[in-house]
file final_4.cif (mmCIF, C-alpha atoms)
data_final
#
loop_
_atom_site.group_PDB
_atom_site.id
_atom_site.type_symbol
_atom_site.label_atom_id
_atom_site.label_comp_id
_atom_site.auth_asym_id
_atom_site.auth_seq_id
_atom_site.Cartn_x
_atom_site.Cartn_y
_atom_site.Cartn_z
ATOM 1 C CA MET A 1 -11.035 7.727 28.611
ATOM 2 C CA VAL A 2 -10.376 5.239 25.797
ATOM 3 C CA LYS A 3 -13.163 6.759 23.761
ATOM 4 C CA ARG A 4 -11.715 10.232 24.236
ATOM 5 C CA TYR A 5 -8.300 9.333 22.889
ATOM 6 C CA LEU A 6 -9.310 6.692 20.339
ATOM 7 C CA LEU A 7 -10.320 9.110 17.594
ATOM 8 C CA PRO A 8 -7.212 11.381 17.769
ATOM 9 C CA ALA A 9 -4.934 8.332 18.051
ATOM 10 C CA LEU A 10 -6.455 6.662 14.990
ATOM 11 C CA ARG A 11 -6.425 9.967 13.117
ATOM 12 C CA ILE A 12 -2.697 10.437 13.763
ATOM 13 C CA LEU A 13 -1.930 6.785 13.034
ATOM 14 C CA PHE A 14 -3.820 6.883 9.725
ATOM 15 C CA GLY A 15 -2.017 10.091 8.728
ATOM 16 C CA VAL A 16 1.389 8.696 9.688
ATOM 17 C CA VAL A 17 0.827 5.529 7.640
ATOM 18 C CA PHE A 18 0.340 7.575 4.471
ATOM 19 C CA ILE A 19 3.287 9.857 5.182
ATOM 20 C CA VAL A 20 5.571 6.865 5.819
ATOM 21 C CA ALA A 21 4.248 5.240 2.636
ATOM 22 C CA SER A 22 5.134 8.303 0.575
ATOM 23 C CA ILE A 23 8.740 8.876 1.757
ATOM 24 C CA ASP A 24 10.448 6.329 -0.486
ATOM 25 C CA LYS A 25 8.281 7.272 -3.462
ATOM 26 C CA ILE A 26 9.294 10.915 -3.091
ATOM 27 C CA HIS A 27 12.922 9.927 -2.656
ATOM 28 C CA ASN A 28 12.956 7.679 -5.761
ATOM 29 C CA PRO A 29 10.556 9.178 -8.306
ATOM 30 C CA GLU A 30 12.090 7.223 -11.193
ATOM 31 C CA ALA A 31 11.639 3.878 -9.415
ATOM 32 C CA PHE A 32 8.076 4.736 -8.429
ATOM 33 C CA ALA A 33 7.254 5.830 -11.984
ATOM 34 C CA ARG A 34 8.445 2.426 -13.219
ATOM 35 C CA ILE A 35 6.165 0.711 -10.724
ATOM 36 C CA VAL A 36 3.198 2.857 -11.813
ATOM 37 C CA ALA A 37 4.018 2.016 -15.452
ATOM 38 C CA ASN A 38 4.181 -1.686 -14.555
ATOM 39 C CA TYR A 39 0.552 -1.615 -13.461
ATOM 40 C CA ARG A 40 -0.224 -0.982 -17.136
ATOM 41 C CA MET A 41 -3.392 0.915 -16.291
ATOM 42 C CA LEU A 42 -2.403 4.420 -17.380
ATOM 43 C CA PRO A 43 -1.384 5.835 -20.747
ATOM 44 C CA LEU A 44 2.380 6.488 -20.660
ATOM 45 C CA PRO A 45 2.158 10.321 -20.748
ATOM 46 C CA LEU A 46 0.174 10.170 -17.482
ATOM 47 C CA VAL A 47 2.601 7.878 -15.626
ATOM 48 C CA ALA A 48 5.072 10.571 -14.523
ATOM 49 C CA PRO A 49 2.390 13.101 -13.458
ATOM 50 C CA VAL A 50 0.720 10.430 -11.304
ATOM 51 C CA ALA A 51 4.019 9.125 -9.893
ATOM 52 C CA LEU A 52 5.201 12.642 -9.045
ATOM 53 C CA THR A 53 2.026 14.051 -7.509
ATOM 54 C CA LEU A 54 0.489 11.035 -5.733
ATOM 55 C CA PRO A 55 3.081 10.840 -2.905
ATOM 56 C CA TRP A 56 2.828 14.575 -2.217
ATOM 57 C CA ILE A 57 -0.951 14.402 -2.086
ATOM 58 C CA GLU A 58 -0.561 11.541 0.421
ATOM 59 C CA VAL A 59 1.836 13.690 2.472
ATOM 60 C CA MET A 60 -0.443 16.732 2.461
ATOM 61 C CA ALA A 61 -3.557 14.755 3.371
ATOM 62 C CA GLY A 62 -1.664 12.735 6.010
ATOM 63 C CA LEU A 63 -0.221 15.882 7.555
ATOM 64 C CA ALA A 64 -3.608 17.624 7.511
ATOM 65 C CA LEU A 65 -5.138 14.654 9.328
ATOM 66 C CA ILE A 66 -2.375 14.640 11.957
ATOM 67 C CA ILE A 67 -2.696 18.345 12.763
ATOM 68 C CA ASN A 68 -6.496 18.155 12.419
ATOM 69 C CA TRP A 69 -6.674 20.822 9.734
ATOM 70 C CA CYS A 70 -9.062 20.226 6.828
ATOM 71 C CA SER A 71 -9.507 16.783 8.377
ATOM 72 C CA LYS A 72 -12.831 16.139 6.636
ATOM 73 C CA GLY A 73 -11.295 16.601 3.212
ATOM 74 C CA ALA A 74 -8.131 14.762 4.241
ATOM 75 C CA VAL A 75 -9.898 11.636 5.506
ATOM 76 C CA ILE A 76 -12.117 11.425 2.422
ATOM 77 C CA LEU A 77 -9.128 12.023 0.122
ATOM 78 C CA LEU A 78 -7.052 9.305 1.818
ATOM 79 C CA ASN A 79 -9.959 6.847 1.756
ATOM 80 C CA ALA A 80 -10.488 7.580 -1.934
ATOM 81 C CA LEU A 81 -6.769 7.032 -2.625
ATOM 82 C CA LEU A 82 -6.854 3.760 -0.696
ATOM 83 C CA VAL A 83 -9.866 2.542 -2.685
ATOM 84 C CA VAL A 84 -8.089 3.442 -5.946
ATOM 85 C CA PHE A 85 -4.907 1.611 -4.809
ATOM 86 C CA MET A 86 -6.940 -1.455 -3.829
ATOM 87 C CA ALA A 87 -8.829 -1.414 -7.132
ATOM 88 C CA ALA A 88 -5.515 -1.277 -9.034
ATOM 89 C CA LEU A 89 -4.072 -4.123 -6.961
ATOM 90 C CA GLY A 90 -7.283 -6.156 -7.301
ATOM 91 C CA PHE A 91 -7.319 -5.606 -11.051
ATOM 92 C CA ASN A 92 -3.818 -7.032 -11.392
ATOM 93 C CA VAL A 93 -4.526 -9.906 -8.980
ATOM 94 C CA VAL A 94 -7.517 -10.869 -11.167
ATOM 95 C CA ARG A 95 -5.434 -10.475 -14.344
ATOM 96 C CA GLY A 96 -2.828 -12.710 -12.749
ATOM 97 C CA VAL A 97 -0.113 -10.151 -13.399
ATOM 98 C CA ASP A 98 2.348 -9.979 -10.525
ATOM 99 C CA VAL A 99 3.996 -6.569 -10.343
ATOM 100 C CA ALA A 100 5.606 -4.758 -7.417
ATOM 101 C CA CYS A 101 2.982 -3.105 -5.206
ATOM 102 C CA GLY A 102 4.773 0.222 -4.701
ATOM 103 C CA CYS A 103 2.638 0.681 -1.596
ATOM 104 C CA PHE A 104 5.245 1.455 1.051
ATOM 105 C CA THR A 105 8.470 1.144 -0.891
ATOM 106 C CA THR A 106 9.762 1.419 -4.434
ATOM 107 C CA SER A 107 11.644 -1.854 -4.000
ATOM 108 C CA THR A 108 10.442 -4.656 -6.255
ATOM 109 C CA GLU A 109 11.058 -7.218 -3.514
ATOM 110 C CA GLY A 110 8.611 -8.013 -0.749
ATOM 111 C CA SER A 111 5.022 -9.069 -0.404
ATOM 112 C CA GLY A 112 2.917 -10.060 -3.376
ATOM 113 C CA MET A 113 -0.084 -8.169 -4.672
ATOM 114 C CA LEU A 114 -2.663 -10.320 -2.899
ATOM 115 C CA GLN A 115 -0.923 -9.857 0.463
ATOM 116 C CA SER A 116 -0.748 -6.115 -0.160
ATOM 117 C CA LEU A 117 -4.449 -6.084 -0.997
ATOM 118 C CA LEU A 118 -5.321 -8.009 2.173
ATOM 119 C CA ARG A 119 -3.131 -5.650 4.237
ATOM 120 C CA ASP A 120 -5.075 -2.668 2.862
ATOM 121 C CA ILE A 121 -8.430 -4.017 4.104
ATOM 122 C CA PRO A 122 -7.891 -3.238 7.842
ATOM 123 C CA LEU A 123 -6.411 0.121 6.839
ATOM 124 C CA LEU A 124 -9.549 0.920 4.842
ATOM 125 C CA LEU A 125 -11.742 -0.123 7.777
ATOM 126 C CA VAL A 126 -9.852 2.326 10.022
ATOM 127 C CA GLY A 127 -10.188 5.000 7.328
ATOM 128 C CA LEU A 128 -13.930 4.458 6.962
ATOM 129 C CA TYR A 129 -14.415 4.526 10.740
ATOM 130 C CA LEU A 130 -12.447 7.795 10.908
ATOM 131 C CA ALA A 131 -14.450 9.312 8.046
ATOM 132 C CA TRP A 132 -17.684 8.381 9.771
ATOM 133 C CA ARG A 133 -16.582 9.812 13.145
ATOM 134 C CA ILE A 134 -15.033 12.993 11.745
ATOM 135 C CA LEU A 135 -18.029 13.815 9.539
ATOM 136 C CA LEU A 136 -20.475 12.883 12.315
ATOM 137 C CA ASN A 137 -18.628 15.065 14.843
ATOM 138 C CA ASN A 138 -18.749 17.928 12.397
ATOM 139 C CA GLN A 139 -22.509 17.552 12.004
ATOM 140 C CA ARG A 140 -22.971 17.461 15.783
ATOM 141 C CA GLN A 141 -20.886 20.603 16.245
ATOM 142 C CA ARG A 142 -22.940 22.426 13.624
ATOM 143 C CA TYR A 143 -26.168 21.237 15.227
ATOM 144 C CA ASN A 144 -25.004 22.353 18.715
ATOM 145 C CA ARG A 145 -23.878 25.736 17.399
ATOM 146 C CA ARG A 146 -27.261 26.297 15.765
ATOM 147 C CA ARG A 147 -29.091 25.270 18.950
ATOM 148 C CA ASP A 148 -26.998 27.631 21.102
ATOM 149 C CA MET B 1 -24.642 13.605 6.826
ATOM 150 C CA ARG B 2 -26.698 14.767 3.878
ATOM 151 C CA SER B 3 -25.978 18.424 4.469
ATOM 152 C CA PRO B 4 -24.953 20.097 1.202
ATOM 153 C CA PHE B 5 -22.677 22.304 3.304
ATOM 154 C CA LEU B 6 -20.799 19.257 4.569
ATOM 155 C CA ILE B 7 -20.393 17.759 1.089
ATOM 156 C CA ARG B 8 -19.181 21.098 -0.247
ATOM 157 C CA ALA B 9 -16.754 21.517 2.658
ATOM 158 C CA VAL B 10 -15.352 18.010 2.135
ATOM 159 C CA LEU B 11 -14.899 18.583 -1.590
ATOM 160 C CA VAL B 12 -13.312 22.014 -1.128
ATOM 161 C CA GLN B 13 -10.909 20.724 1.546
ATOM 162 C CA ALA B 14 -9.963 17.655 -0.514
ATOM 163 C CA PHE B 15 -9.381 19.894 -3.541
ATOM 164 C CA VAL B 16 -7.218 22.316 -1.538
ATOM 165 C CA LEU B 17 -5.098 19.463 -0.142
ATOM 166 C CA ALA B 18 -4.704 17.832 -3.551
ATOM 167 C CA LEU B 19 -3.774 21.193 -5.081
ATOM 168 C CA LEU B 20 -1.162 21.821 -2.379
ATOM 169 C CA GLY B 21 0.235 18.334 -3.057
ATOM 170 C CA VAL B 22 0.436 19.020 -6.789
ATOM 171 C CA LEU B 23 2.122 22.402 -6.222
ATOM 172 C CA LEU B 24 4.674 20.823 -3.893
ATOM 173 C CA ALA B 25 5.331 18.060 -6.425
ATOM 174 C CA VAL B 26 5.893 20.631 -9.180
ATOM 175 C CA ALA B 27 8.227 22.692 -6.983
ATOM 176 C CA VAL B 28 10.269 19.737 -5.714
ATOM 177 C CA ASN B 29 10.557 18.151 -9.156
ATOM 178 C CA ALA B 30 11.748 21.469 -10.593
ATOM 179 C CA VAL B 31 14.587 21.893 -8.090
ATOM 180 C CA ARG B 32 15.812 18.297 -7.785
ATOM 181 C CA PRO B 33 18.624 17.317 -10.151
ATOM 182 C CA ASN B 34 17.054 13.944 -11.030
ATOM 183 C CA GLY B 35 13.564 15.316 -11.662
ATOM 184 C CA LEU B 36 11.340 13.490 -14.161
ATOM 185 C CA ALA B 37 10.041 14.891 -17.430
ATOM 186 C CA TRP B 38 6.347 15.459 -16.697
ATOM 187 C CA PHE B 39 4.704 14.133 -19.848
ATOM 188 C CA SER B 40 7.546 12.674 -21.892
ATOM 189 C CA TRP B 41 8.972 10.252 -19.293
ATOM 190 C CA ARG B 42 9.043 6.667 -20.527
ATOM 191 C CA PRO B 43 10.091 3.526 -18.661
ATOM 192 C CA PRO B 44 13.458 2.120 -19.755
ATOM 193 C CA ALA B 45 13.025 -0.390 -22.563
ATOM 194 C CA GLU B 46 14.336 -3.274 -20.505
ATOM 195 C CA ASP B 47 16.070 -3.915 -17.224
ATOM 196 C CA SER B 48 19.338 -5.596 -17.928
ATOM 197 C CA SER B 49 19.280 -8.512 -15.528
ATOM 198 C CA CYS B 50 17.229 -11.115 -13.720
ATOM 199 C CA GLY B 51 19.578 -11.254 -10.755
ATOM 200 C CA PRO B 52 23.114 -12.595 -10.337
ATOM 201 C CA LYS B 53 22.352 -16.319 -10.681
ATOM 202 C CA VAL B 54 20.102 -16.148 -13.707
ATOM 203 C CA SER B 55 21.000 -15.137 -17.226
ATOM 204 C CA ILE B 56 18.682 -13.519 -19.729
ATOM 205 C CA ILE B 57 17.621 -15.278 -22.903
ATOM 206 C CA THR B 58 15.981 -13.652 -25.901
ATOM 207 C CA PRO B 59 12.874 -15.217 -27.478
ATOM 208 C CA LYS B 60 14.945 -15.966 -30.609
ATOM 209 C CA ASP B 61 17.574 -17.935 -28.663
ATOM 210 C CA ALA B 62 14.847 -19.604 -26.606
ATOM 211 C CA MET B 63 13.203 -20.699 -29.835
ATOM 212 C CA GLU B 64 16.384 -22.485 -30.888
ATOM 213 C CA LEU B 65 16.473 -24.369 -27.583
ATOM 214 C CA TRP B 66 12.767 -25.164 -27.963
ATOM 215 C CA THR B 67 13.183 -26.459 -31.530
ATOM 216 C CA GLY B 68 16.079 -28.657 -30.449
ATOM 217 C CA LYS B 69 14.161 -29.792 -27.321
ATOM 218 C CA GLN B 70 17.198 -28.740 -25.305
ATOM 219 C CA ALA B 71 15.400 -26.932 -22.489
ATOM 220 C CA LEU B 72 12.518 -27.234 -20.092
ATOM 221 C CA PHE B 73 10.155 -24.276 -20.463
ATOM 222 C CA VAL B 74 8.576 -23.055 -17.237
ATOM 223 C CA ASP B 75 5.482 -20.834 -17.247
ATOM 224 C CA ALA B 76 5.549 -18.739 -14.062
ATOM 225 C CA ARG B 77 2.111 -17.169 -14.544
ATOM 226 C CA ASP B 78 -1.169 -18.193 -12.925
ATOM 227 C CA GLU B 79 -2.614 -21.474 -14.140
ATOM 228 C CA SER B 80 -5.558 -19.704 -15.787
ATOM 229 C CA LEU B 81 -3.177 -17.744 -18.038
ATOM 230 C CA PHE B 82 -1.174 -20.925 -18.652
ATOM 231 C CA ALA B 83 -4.358 -22.603 -19.896
ATOM 232 C CA GLU B 84 -5.227 -19.643 -22.109
ATOM 233 C CA GLY B 85 -2.005 -19.768 -24.075
ATOM 234 C CA ARG B 86 1.542 -20.983 -23.474
ATOM 235 C CA ILE B 87 4.705 -22.122 -25.167
ATOM 236 C CA PRO B 88 4.028 -25.718 -26.321
ATOM 237 C CA GLY B 89 5.483 -28.256 -23.912
ATOM 238 C CA ALA B 90 5.939 -25.748 -21.083
ATOM 239 C CA ILE B 91 5.084 -26.789 -17.550
ATOM 240 C CA SER B 92 3.121 -24.595 -15.170
ATOM 241 C CA LEU B 93 4.992 -23.452 -12.062
ATOM 242 C CA PRO B 94 3.032 -20.414 -10.873
ATOM 243 C CA LEU B 95 4.684 -18.068 -8.428
ATOM 244 C CA SER B 96 1.994 -18.959 -5.883
ATOM 245 C CA LEU B 97 3.487 -22.470 -5.515
ATOM 246 C CA THR B 98 5.010 -23.115 -2.108
ATOM 247 C CA GLU B 99 8.659 -24.143 -1.772
ATOM 248 C CA VAL B 100 7.520 -27.729 -1.109
ATOM 249 C CA GLY B 101 5.231 -27.734 -4.142
ATOM 250 C CA LEU B 102 8.004 -26.355 -6.312
ATOM 251 C CA LYS B 103 10.479 -28.991 -5.093
ATOM 252 C CA LEU B 104 7.964 -31.804 -5.672
ATOM 253 C CA ARG B 105 7.250 -30.704 -9.229
ATOM 254 C CA MET B 106 10.936 -30.284 -10.051
ATOM 255 C CA ALA B 107 12.090 -33.465 -8.272
ATOM 256 C CA GLN B 108 12.516 -35.425 -11.530
ATOM 257 C CA THR B 109 14.404 -32.645 -13.336
ATOM 258 C CA PRO B 110 18.209 -32.926 -13.365
ATOM 259 C CA LYS B 111 19.922 -29.941 -11.763
ATOM 260 C CA GLU B 112 22.003 -29.224 -14.873
ATOM 261 C CA LYS B 113 18.987 -29.145 -17.219
ATOM 262 C CA THR B 114 18.559 -25.836 -19.030
ATOM 263 C CA ILE B 115 15.392 -24.174 -17.822
ATOM 264 C CA VAL B 116 13.757 -21.203 -19.536
ATOM 265 C CA VAL B 117 11.356 -19.306 -17.292
ATOM 266 C CA TYR B 118 8.853 -16.833 -18.666
ATOM 267 C CA CYS B 119 5.723 -14.893 -17.720
ATOM 268 C CA GLU B 120 3.466 -12.498 -19.618
ATOM 269 C CA GLY B 121 5.868 -9.862 -20.886
ATOM 270 C CA PRO B 122 8.663 -7.460 -19.973
ATOM 271 C CA VAL B 123 6.782 -5.824 -17.092
ATOM 272 C CA CYS B 124 5.718 -8.936 -15.168
ATOM 273 C CA GLN B 125 8.088 -10.074 -12.453
ATOM 274 C CA ALA B 126 6.977 -13.669 -12.003
ATOM 275 C CA ALA B 127 9.666 -14.991 -14.405
ATOM 276 C CA GLU B 128 12.416 -13.142 -12.582
ATOM 277 C CA LYS B 129 11.227 -14.288 -9.147
ATOM 278 C CA GLN B 130 10.570 -17.890 -10.181
ATOM 279 C CA SER B 131 13.881 -18.218 -12.039
ATOM 280 C CA ASN B 132 15.699 -17.020 -8.933
ATOM 281 C CA ARG B 133 13.808 -19.513 -6.766
ATOM 282 C CA LEU B 134 14.861 -22.296 -9.140
ATOM 283 C CA ALA B 135 18.470 -21.113 -9.103
ATOM 284 C CA ASP B 136 18.375 -21.070 -5.289
ATOM 285 C CA MET B 137 17.121 -24.688 -5.384
ATOM 286 C CA GLY B 138 20.350 -25.643 -7.128
ATOM 287 C CA PHE B 139 19.443 -25.594 -10.815
ATOM 288 C CA THR B 140 22.576 -24.431 -12.547
ATOM 289 C CA SER B 141 21.322 -23.365 -15.967
ATOM 290 C CA VAL B 142 18.289 -21.209 -15.383
ATOM 291 C CA ARG B 143 17.439 -18.602 -18.028
ATOM 292 C CA CYS B 144 14.887 -15.871 -17.740
ATOM 293 C CA MET B 145 13.024 -14.833 -20.892
ATOM 294 C CA ARG B 146 12.064 -11.283 -19.976
ATOM 295 C CA GLU B 147 9.961 -10.689 -23.088
ATOM 296 C CA GLY B 148 7.601 -13.461 -21.967
ATOM 297 C CA VAL B 149 4.881 -15.009 -24.124
ATOM 298 C CA GLU B 150 4.294 -11.596 -25.706
ATOM 299 C CA GLY B 151 7.852 -11.511 -27.025
ATOM 300 C CA TRP B 152 7.691 -15.194 -27.957
ATOM 301 C CA ALA B 153 4.519 -14.695 -30.023
ATOM 302 C CA MET B 154 5.915 -11.511 -31.605
ATOM 303 C CA ALA B 155 9.053 -13.412 -32.633
ATOM 304 C CA GLY B 156 6.813 -15.930 -34.404
ATOM 305 C CA GLY B 157 6.879 -18.617 -31.722
ATOM 306 C CA GLU B 158 4.163 -21.264 -31.595
ATOM 307 C CA MET B 159 1.552 -21.224 -28.853
ATOM 308 C CA GLU B 160 -0.823 -23.822 -27.483
ATOM 309 C CA ALA B 161 -3.871 -23.571 -25.238
ATOM 310 C CA GLY B 162 -5.974 -25.805 -22.995
ATOM 311 C CA TRP B 163 -4.798 -28.428 -20.562
#
call {"tool": "encode", "arguments": {"input": "final_4.cif", "output": "structure tokens"}}
result
Amino acid sequence: MVKRYLLPALRILFGVVFIVASIDKIHNPEAFARIVANYRMLPLPLVAPVALTLPWIEVMAGLALIINWCSKGAVILLNALLVVFMAALGFNVVRGVDVACGCFTTSTEGSGMLQSLLRDIPLLLVGLYLAWRILLNNQRQRYNRRRD
Amino acid sequence: MRSPFLIRAVLVQAFVLALLGVLLAVAVNAVRPNGLAWFSWRPPAEDSSCGPKVSIITPKDAMELWTGKQALFVDARDESLFAEGRIPGAISLPLSLTEVGLKLRMAQTPKEKTIVVYCEGPVCQAAEKQSNRLADMGFTSVRCMREGVEGWAMAGGEMEAGW
């Protein structure tokens, strides 16, 4: 019973997290662009393209995961985004530069970079588990289809 | 897992989703009144404040206070950056300090003493946050030097390193 509902529940939860995370960034593109610029990891001409497209890619992948459409691509895309976010946070933690995370909100208040990085670890574990299960299920289905 | 079909399917799906995201971003940015310029957007040169209780100070004005030994300089960056290079005479109060730690280190400082807080440069937020913490502790003359050590060095300010 638990096993049957665990995968869809985690899939929806993971998708919802990314959609929720993107709402404020879509609503305040200027504020999010400033946060991206503050990371000081991108050349300035690339800041706006990244700040404008990233939240929509999160929305599309999150939505795809929720409705279980293109879920293989969605789960890999979201995991890749999460790894990139964590690398950017980690880079600034190591540099000792404290800038706003821009993870769930465009506000500059709130948790520090290290806390944000630590919060992303369980999320990544869920994402990796989902990727493993979704890709494995897909392989099994293909194998069963071939056998039938 | 090693099926080339699976890898291709994953890549194609991820590409399709990313492309849809980009197209949506382009469409929404085109119709919204406060859309950003795609490649020519630049961050504003400087935010105008450090909060209601803290006033801004330029590196030039800070230098005058420093020359006249009229202010306590507080370095809000990590201790490793403090050791690498700081304003001579500054004390290290990294943002990671707890409230208790901060109070202990500031216990001997009179509340009316002018304090200049700085971090790396205009984009770091440690100076803003730490100056507000100090103002909340009751220090009445806290200044935030937004340009940080970068601005200080560019204005010709002295630096020192080590412990």
call {"tool": "closest_residue", "arguments": {"input": "final_4.cif", "among": "A:Val36, A:Ile66, A:Ala61, A:Val20", "to": "chain B", "atoms": "all atoms listed in the file"}}
result
A:Ala61
call {"tool": "atom_distance", "arguments": {"input": "final_4.cif", "atom1": "atom CA of Ile91 of chain B", "atom2": "atom CA of Asp78 of chain B"}}
result
11.6 Å
call {"tool": "resolve_selection", "arguments": {"input": "final_4.cif", "expression": "the PyMOL selection byres ((chain A) within 7 of (chain B))", "output": "list in words"}}
result
Glu30, Arg34, Asn38, Leu44, Pro45, Leu46, Ala48, Pro49, Leu52, Thr53, Trp56, Ile57, Met60, Ala61, Cys70, Lys72, Gly73, Ala74, Leu77, Gly96, Val97, Asp98, Val99, Leu136 and Gln139 of chain A
call {"tool": "closest_residue", "arguments": {"input": "final_4.cif", "among": "A:Asn28, A:Tyr129, A:Ala9, A:Leu114", "to": "Phe91 of chain A", "atoms": "all atoms listed in the file"}}
result
A:Leu114
call {"tool": "atom_distance", "arguments": {"input": "final_4.cif", "atom1": "atom CA of Phe85 of chain A", "atom2": "atom CA of Cys103 of chain A"}}
result
8.3 Å
call {"tool": "residues_near_point", "arguments": {"input": "final_4.cif", "point": "(12.4, -25.5, -0.3)", "cutoff": "12 Å", "atoms": "all atoms listed in the file", "output": "list in words"}}
result
Leu97, Thr98, Glu99, Val100, Gly101, Leu102, Lys103, Leu104, Arg105, Met106, Ala107, Arg133, Leu134, Ala135, Asp136, Met137 and Gly138 of chain B
call {"tool": "write_last_selection", "arguments": {"input": "final_4.cif", "atoms": "C-alpha atoms", "output": "PDB file, keeping the file's coordinate frame"}}
result
ATOM      1  CA  LEU B  97       3.487 -22.470  -5.515  1.00  0.00           C
ATOM      2  CA  THR B  98       5.010 -23.115  -2.108  1.00  0.00           C
ATOM      3  CA  GLU B  99       8.659 -24.143  -1.772  1.00  0.00           C
ATOM      4  CA  VAL B 100       7.520 -27.729  -1.109  1.00  0.00           C
ATOM      5  CA  GLY B 101       5.231 -27.734  -4.142  1.00  0.00           C
ATOM      6  CA  LEU B 102       8.004 -26.355  -6.312  1.00  0.00           C
ATOM      7  CA  LYS B 103      10.479 -28.991  -5.093  1.00  0.00           C
ATOM      8  CA  LEU B 104       7.964 -31.804  -5.672  1.00  0.00           C
ATOM      9  CA  ARG B 105       7.250 -30.704  -9.229  1.00  0.00           C
ATOM     10  CA  MET B 106      10.936 -30.284 -10.051  1.00  0.00           C
ATOM     11  CA  ALA B 107      12.090 -33.465  -8.272  1.00  0.00           C
ATOM     12  CA  ARG B 133      13.808 -19.513  -6.766  1.00  0.00           C
ATOM     13  CA  LEU B 134      14.861 -22.296  -9.140  1.00  0.00           C
ATOM     14  CA  ALA B 135      18.470 -21.113  -9.103  1.00  0.00           C
ATOM     15  CA  ASP B 136      18.375 -21.070  -5.289  1.00  0.00           C
ATOM     16  CA  MET B 137      17.121 -24.688  -5.384  1.00  0.00           C
ATOM     17  CA  GLY B 138      20.350 -25.643  -7.128  1.00  0.00           C
TER      18      GLY B 138
END
call {"tool": "atom_distance", "arguments": {"input": "final_4.cif", "atom1": "atom CA of Gly51 of chain B", "atom2": "atom CA of Tyr118 of chain B"}}
result
14.4 Å
call {"tool": "residues_around", "arguments": {"input": "final_4.cif", "residues": "Ala90 of chain B", "least_positions_apart": "3", "cutoff": "9 Å", "atoms": "only C-alpha atoms", "output": "list of chain:residue names"}}
result
B:Leu72, B:Phe73, B:Val74, B:Asp75, B:Phe82, B:Arg86, B:Ile87
call {"tool": "write_last_selection", "arguments": {"input": "final_4.cif", "atoms": "C-alpha atoms", "output": "PDB file, keeping the file's coordinate frame"}}
result
ATOM      1  CA  LEU B  72      12.518 -27.234 -20.092  1.00  0.00           C
ATOM      2  CA  PHE B  73      10.155 -24.276 -20.463  1.00  0.00           C
ATOM      3  CA  VAL B  74       8.576 -23.055 -17.237  1.00  0.00           C
ATOM      4  CA  ASP B  75       5.482 -20.834 -17.247  1.00  0.00           C
ATOM      5  CA  PHE B  82      -1.174 -20.925 -18.652  1.00  0.00           C
ATOM      6  CA  ARG B  86       1.542 -20.983 -23.474  1.00  0.00           C
ATOM      7  CA  ILE B  87       4.705 -22.122 -25.167  1.00  0.00           C
TER       8      ILE B  87
END
call {"tool": "decode", "arguments": {"input": "final_4.cif", "residues": "segment 18-53 of chain A", "atoms": "C-alpha atoms", "output": "mmCIF file, in the first residue's frame"}}
result
data_model
loop_
_atom_site.group_PDB
_atom_site.id
_atom_site.type_symbol
_atom_site.label_atom_id
_atom_site.label_comp_id
_atom_site.auth_asym_id
_atom_site.auth_seq_id
_atom_site.Cartn_x
_atom_site.Cartn_y
_atom_site.Cartn_z
ATOM 1 C CA PHE A 18 9.889 23.566 -7.682
ATOM 2 C CA ILE A 19 6.667 25.239 -8.782
ATOM 3 C CA VAL A 20 6.297 26.966 -5.398
ATOM 4 C CA ALA A 21 9.960 28.002 -5.582
ATOM 5 C CA SER A 22 9.441 29.634 -8.970
ATOM 6 C CA ILE A 23 6.304 31.718 -8.227
ATOM 7 C CA ASP A 24 8.013 34.680 -6.570
ATOM 8 C CA LYS A 25 10.842 34.663 -9.108
ATOM 9 C CA ILE A 26 8.335 34.872 -11.956
ATOM 10 C CA HIS A 27 6.409 37.581 -10.146
ATOM 11 C CA ASN A 28 9.526 39.707 -9.464
ATOM 12 C CA PRO A 29 11.941 39.189 -12.360
ATOM 13 C CA GLU A 30 13.913 42.341 -11.533
ATOM 14 C CA ALA A 31 14.504 41.252 -7.925
ATOM 15 C CA PHE A 32 15.489 37.750 -9.008
ATOM 16 C CA ALA A 33 17.867 39.131 -11.644
ATOM 17 C CA ARG A 34 19.583 41.163 -8.914
ATOM 18 C CA ILE A 35 19.990 38.028 -6.821
ATOM 19 C CA VAL A 36 21.447 36.119 -9.792
ATOM 20 C CA ALA A 37 23.827 39.045 -10.414
ATOM 21 C CA ASN A 38 24.827 39.009 -6.735
ATOM 22 C CA TYR A 39 26.138 35.470 -7.091
ATOM 23 C CA ARG A 40 28.782 37.006 -9.361
ATOM 24 C CA MET A 41 29.158 33.797 -11.339
ATOM 25 C CA LEU A 42 27.718 34.880 -14.685
ATOM 26 C CA PRO A 43 28.764 37.572 -17.142
ATOM 27 C CA LEU A 44 26.243 40.434 -16.898
ATOM 28 C CA PRO A 45 24.670 39.922 -20.364
ATOM 29 C CA LEU A 46 23.666 36.399 -19.266
ATOM 30 C CA VAL A 47 22.067 37.434 -15.956
ATOM 31 C CA ALA A 48 18.663 38.453 -17.353
ATOM 32 C CA PRO A 49 18.321 35.431 -19.694
ATOM 33 C CA VAL A 50 19.048 33.082 -16.776
ATOM 34 C CA ALA A 51 16.795 34.976 -14.343
ATOM 35 C CA LEU A 52 13.927 35.044 -16.843
ATOM 36 C CA THR A 53 14.064 31.463 -18.099
#
